[in-house]
Structure formats: C-alpha cells, structure tokens
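Colleague: This is the content of final.pdb (PDB, C-alpha atoms):
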```pdb
ATOM      1  CA  MET H   5     -34.853 -40.022 -37.014  1.00  0.00           C
ATOM      2  CA  THR H   6     -33.939 -40.806 -33.424  1.00  0.00           C
ATOM      3  CA  GLY H   7     -36.827 -38.924 -31.869  1.00  0.00           C
ATOM      4  CA  ILE H   8     -34.482 -37.237 -29.383  1.00  0.00           C
ATOM      5  CA  THR H   9     -35.008 -33.534 -28.810  1.00  0.00           C
ATOM      6  CA  LEU H  10     -32.123 -31.522 -27.424  1.00  0.00           C
ATOM      7  CA  GLN H  11     -32.344 -28.371 -25.389  1.00  0.00           C
ATOM      8  CA  ASN H  12     -30.558 -25.272 -26.613  1.00  0.00           C
ATOM      9  CA  ALA H  13     -27.369 -25.319 -24.497  1.00  0.00           C
ATOM     10  CA  PHE H  14     -26.528 -21.728 -25.394  1.00  0.00           C
ATOM     11  CA  GLU H  15     -29.852 -20.436 -24.077  1.00  0.00           C
ATOM     12  CA  LEU H  16     -29.456 -22.479 -20.885  1.00  0.00           C
ATOM     13  CA  ALA H  17     -25.932 -21.210 -20.191  1.00  0.00           C
ATOM     14  CA  PHE H  18     -26.281 -17.593 -21.273  1.00  0.00           C
ATOM     15  CA  ASN H  19     -29.745 -16.603 -20.128  1.00  0.00           C
ATOM     16  CA  GLU H  20     -30.238 -13.393 -18.162  1.00  0.00           C
ATOM     17  CA  ASP H  21     -30.218 -15.045 -14.726  1.00  0.00           C
ATOM     18  CA  GLN H  22     -27.007 -16.997 -15.401  1.00  0.00           C
ATOM     19  CA  CYS H  23     -25.196 -13.937 -16.779  1.00  0.00           C
ATOM     20  CA  LEU H  24     -26.247 -11.679 -13.905  1.00  0.00           C
ATOM     21  CA  SER H  25     -25.218 -14.341 -11.397  1.00  0.00           C
ATOM     22  CA  ALA H  26     -21.749 -14.663 -12.954  1.00  0.00           C
ATOM     23  CA  TRP H  27     -21.317 -10.898 -13.218  1.00  0.00           C
ATOM     24  CA  ARG H  28     -22.354 -10.465  -9.569  1.00  0.00           C
ATOM     25  CA  LYS H  29     -19.734 -13.019  -8.454  1.00  0.00           C
ATOM     26  CA  CYS H  30     -16.898 -11.243 -10.264  1.00  0.00           C
ATOM     27  CA  GLY H  31     -17.990  -7.741  -9.275  1.00  0.00           C
ATOM     28  CA  ALA H  32     -19.231  -6.597 -12.684  1.00  0.00           C
ATOM     29  CA  ALA H  33     -22.933  -6.070 -11.853  1.00  0.00           C
ATOM     30  CA  PRO H  34     -23.121  -3.936  -9.818  1.00  0.00           C
ATOM     31  CA  LEU H  35     -19.630  -2.700 -10.570  1.00  0.00           C
ATOM     32  CA  THR H  36     -17.501  -3.273  -7.447  1.00  0.00           C
ATOM     33  CA  ARG H  37     -13.899  -4.089  -6.640  1.00  0.00           C
ATOM     34  CA  SER H  38     -14.863  -7.371  -4.949  1.00  0.00           C
ATOM     35  CA  VAL H  39     -12.698  -9.394  -7.313  1.00  0.00           C
ATOM     36  CA  LEU H  40      -9.584  -7.840  -5.743  1.00  0.00           C
ATOM     37  CA  ASN H  41     -10.404  -9.638  -2.488  1.00  0.00           C
ATOM     38  CA  SER H  42     -10.556 -13.046  -4.145  1.00  0.00           C
ATOM     39  CA  PRO H  43      -7.618 -15.395  -3.503  1.00  0.00           C
ATOM     40  CA  ASP H  44      -8.257 -16.979  -6.919  1.00  0.00           C
ATOM     41  CA  VAL H  45      -7.187 -13.862  -8.816  1.00  0.00           C
ATOM     42  CA  ARG H  46      -3.568 -13.141  -9.614  1.00  0.00           C
ATOM     43  CA  HIS H  47      -2.288 -10.440  -7.278  1.00  0.00           C
ATOM     44  CA  GLU H  48       0.718  -8.130  -7.391  1.00  0.00           C
ATOM     45  CA  VAL H  49       2.764  -6.749  -4.534  1.00  0.00           C
ATOM     46  CA  LEU H  50       2.100  -3.007  -4.542  1.00  0.00           C
ATOM     47  CA  LEU H  51       5.136  -1.120  -3.337  1.00  0.00           C
ATOM     48  CA  ASN H  52       5.100   2.375  -1.888  1.00  0.00           C
ATOM     49  CA  ALA H  53       7.753   4.897  -2.922  1.00  0.00           C
ATOM     50  CA  ASP H  54       9.857   3.929   0.123  1.00  0.00           C
ATOM     51  CA  GLY H  55       9.810   0.219  -0.883  1.00  0.00           C
ATOM     52  CA  THR H  56       7.322  -0.953   1.752  1.00  0.00           C
ATOM     53  CA  VAL H  57       4.328  -3.115   0.854  1.00  0.00           C
ATOM     54  CA  ASN H  58       1.031  -1.225   0.508  1.00  0.00           C
ATOM     55  CA  GLU H  59      -1.472  -3.541   2.186  1.00  0.00           C
ATOM     56  CA  SER H  60      -4.405  -1.131   2.011  1.00  0.00           C
ATOM     57  CA  MET H  61      -4.694  -1.384  -1.792  1.00  0.00           C
ATOM     58  CA  ASN H  62      -3.947  -5.123  -1.971  1.00  0.00           C
ATOM     59  CA  PRO H  63      -4.050  -7.097   1.289  1.00  0.00           C
ATOM     60  CA  HIS H  64      -2.472 -10.143  -0.405  1.00  0.00           C
ATOM     61  CA  GLY H  65       0.830  -8.314  -0.992  1.00  0.00           C
ATOM     62  CA  PHE H  66       2.388  -9.194   2.345  1.00  0.00           C
ATOM     63  CA  MET H  67       1.482 -12.873   1.904  1.00  0.00           C
ATOM     64  CA  LEU H  68       3.145 -12.879  -1.538  1.00  0.00           C
ATOM     65  CA  MET H  69       6.313 -11.412  -0.046  1.00  0.00           C
ATOM     66  CA  GLU H  70       6.349 -14.158   2.617  1.00  0.00           C
ATOM     67  CA  ILE H  71       5.986 -16.824  -0.100  1.00  0.00           C
ATOM     68  CA  GLU H  72       8.822 -15.221  -2.070  1.00  0.00           C
ATOM     69  CA  HIS H  73      11.028 -15.190   1.038  1.00  0.00           C
ATOM     70  CA  SER H  74      10.292 -18.880   1.744  1.00  0.00           C
ATOM     71  CA  ASN H  75      11.031 -19.757  -1.877  1.00  0.00           C
ATOM     72  CA  HIS H  76      14.395 -17.987  -1.751  1.00  0.00           C
ATOM     73  CA  GLN H  77      15.309 -19.757   1.504  1.00  0.00           C
ATOM     74  CA  ALA H  78      14.446 -23.174   0.031  1.00  0.00           C
ATOM     75  CA  CYS H  79      16.457 -22.457  -3.124  1.00  0.00           C
ATOM     76  CA  ASP H  80      19.444 -21.307  -1.058  1.00  0.00           C
ATOM     77  CA  PHE H  81      19.177 -24.523   0.957  1.00  0.00           C
ATOM     78  CA  LEU H  82      19.305 -26.584  -2.250  1.00  0.00           C
ATOM     79  CA  MET H  83      22.344 -24.642  -3.450  1.00  0.00           C
ATOM     80  CA  THR H  84      24.247 -25.468  -0.246  1.00  0.00           C
ATOM     81  CA  PHE H  85      24.026 -29.133  -1.277  1.00  0.00           C
ATOM     82  CA  GLY H  86      25.279 -28.454  -4.803  1.00  0.00           C
ATOM     83  CA  PHE H  87      21.939 -28.337  -6.608  1.00  0.00           C
ATOM     84  CA  ASP H  88      21.025 -25.506  -8.981  1.00  0.00           C
ATOM     85  CA  GLY H  89      18.310 -23.944  -6.842  1.00  0.00           C
ATOM     86  CA  SER H  90      18.214 -20.864  -9.060  1.00  0.00           C
ATOM     87  CA  GLN H  91      16.126 -22.870 -11.531  1.00  0.00           C
ATOM     88  CA  LEU H  92      13.294 -22.939  -8.983  1.00  0.00           C
ATOM     89  CA  GLN H  93      13.708 -19.422  -7.612  1.00  0.00           C
ATOM     90  CA  MET H  94      10.822 -17.041  -8.326  1.00  0.00           C
ATOM     91  CA  ASP H  95      10.030 -13.464  -7.432  1.00  0.00           C
ATOM     92  CA  ALA H  96       6.550 -12.220  -6.563  1.00  0.00           C
ATOM     93  CA  PRO H  97       5.066  -9.915  -9.212  1.00  0.00           C
ATOM     94  CA  LYS H  98       5.629  -6.349  -8.050  1.00  0.00           C
ATOM     95  CA  CYS H  99       4.218  -3.017  -9.141  1.00  0.00           C
ATOM     96  CA  SER H 100       4.526   0.554  -7.942  1.00  0.00           C
ATOM     97  CA  VAL H 101       1.518   2.162  -6.261  1.00  0.00           C
ATOM     98  CA  LYS H 102       2.218   5.209  -8.418  1.00  0.00           C
ATOM     99  CA  LYS H 103       0.863   3.272 -11.429  1.00  0.00           C
ATOM    100  CA  TYR H 104      -2.577   3.060  -9.795  1.00  0.00           C
ATOM    101  CA  LYS H 105      -3.053   6.754  -9.014  1.00  0.00           C
ATOM    102  CA  LEU H 106      -5.833   7.923 -11.280  1.00  0.00           C
ATOM    103  CA  THR H 107      -5.691  11.646 -10.619  1.00  0.00           C
ATOM    104  CA  GLU H 108      -3.259  14.073  -9.144  1.00  0.00           C
ATOM    105  CA  PRO H 109      -4.335  16.821  -6.760  1.00  0.00           C
ATOM    106  CA  HIS H 110      -4.833  20.245  -8.334  1.00  0.00           C
ATOM    107  CA  SER H 111      -4.374  18.936 -11.884  1.00  0.00           C
ATOM    108  CA  LYS H 112      -6.405  20.110 -14.850  1.00  0.00           C
TER     109      LYS H 112
END
```
Please express what this file holds, its structure, as structure tokens.
Modeller:
Amino acid sequence: MTGITLQNAFELAFNEDQCLSAWRKCGAAPLTRSVLNSPDVRHEVLLNADGTVNESMNPHGFMLMEIEHSNHQACDFLMTFGFDGSQLQMDAPKCSVKKYKLTEPHSK
C-alpha cells in the first residue's frame, strides 16, 4: 500500500455548483439565447428572402460576409500570379431566415 488517498475526480467536476455554473455560461440554466452572442460559437449568415443579411437574428452575419469577401479577394490575387487560389477559397455558411420561423400567423 502506498498510503495515498485520492479524491473522487467525478464528484469534484460534476457537483451541483460546477454543473450550474457551466449551464449558466452556455445559457442552459436559466434557458436563454446568450450562446448566440458568443464569438466562440459557429455562426451562420442568415439571409432574408431578398438576399440581404439579417443582422437582428445573428449580429455576426455581416462580419462573416466581410471575411468571405476578403478571402475571395486574396484567392483572386493568388490566381493572378498563376497559383491555384481556388484551393483556399471558402464561403461563409449561409442559411435562410425562413428556416428559423417557428410559427406562421393565423395557422392552426
């Protein structure tokens, strides 16, 4: 016997205070949409029916479109010098706002 006593790591990591703290940070207790405002979460560009960016539902959408535009410019610049810039070209993830409508007016 070594005489060493170890603490229960599971009880230390997953006690009530630790769980509530983690859930509060991600918006799960109380249930909020705070996680949508975090820059660490993957965001999508939400497009209105007319093709414009809906910044009210996701304020990071416009920033993603600016990054996409800069990426396309840099890739085009590489292609002018004979490099295959298309290998580095990326598009921002896009989604229609229509997908996020939960109810329709006057529906059953």
Colleague: If the PyMOL selection byres ((chain H and resi 98) around 10) were run on this exact file, what residues would it hold? Put them as number ranges by chain.
Modeller: H: 47-51, 57, 65, 68-69, 95-97, 99-101
Colleague: Show me, as a list in words, the residues that have an atom within 10 Å of Val39 in chain H when counting only C-alpha atoms, minus same-chain residues fewer than 4 positions from it.
Modeller: Arg28, Lys29, Cys30, Gly31, Ala32, Pro43, Asp44 and Val45 of chain H
Colleague: To box range 49-65 of chain H, take all atoms listed in the file, fit an axis-aligned box, add 3 Å on each side, and give centre and edge lengths in Å to one decimal, as JSON.
Modeller:
```
{"center_x": 2.6, "center_y": -2.6, "center_z": -1.2, "size_x": 20.6, "size_y": 21.0, "size_z": 12.7}
```
Colleague: Please, what distance in Å, to one decimal, runs between CA of Leu92 in chain H and CA of Ser42 in chain H?
Modeller: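 Atom-to-atom, CA of Leu92 in chain H to CA of Ser42 in chain H, that is 26.3 Å.
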Colleague: Just how far from CA of Phe87 in chain H is CA of Glu70 in chain H, in Å to one decimal?
Modeller: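 These two atoms are separated by 23.0 Å.
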Colleague: Find the distance between CA of Glu20 in chain H and CA of Pro34 in chain H and write it in Å to one decimal.
Modeller: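 Computing the Euclidean distance for CA of Glu20 in chain H and CA of Pro34 in chain H yields 14.5 Å.
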Colleague: Using only C-alpha atoms, which residue out of H:Gln93, H:Thr36, H:Gln11, H:Asn52 lies closest to His73 in chain H?
Modeller: H:Gln93
Colleague: As a check of understanding, name the residues that the PyMOL selection byres ((chain H and resi 90) around 12) selects in the supplied structure, as a list in words.
Modeller: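 What the PyMOL selection byres ((chain H and resi 90) around 12) grabs from the file is Asn75, His76, Gln77, Ala78, Cys79, Asp80, Phe81, Leu82, Met83, Thr84, Gly86, Phe87, Asp88, Gly89, Gln91, Leu92, Gln93, Met94 and Asp95 of chain H.
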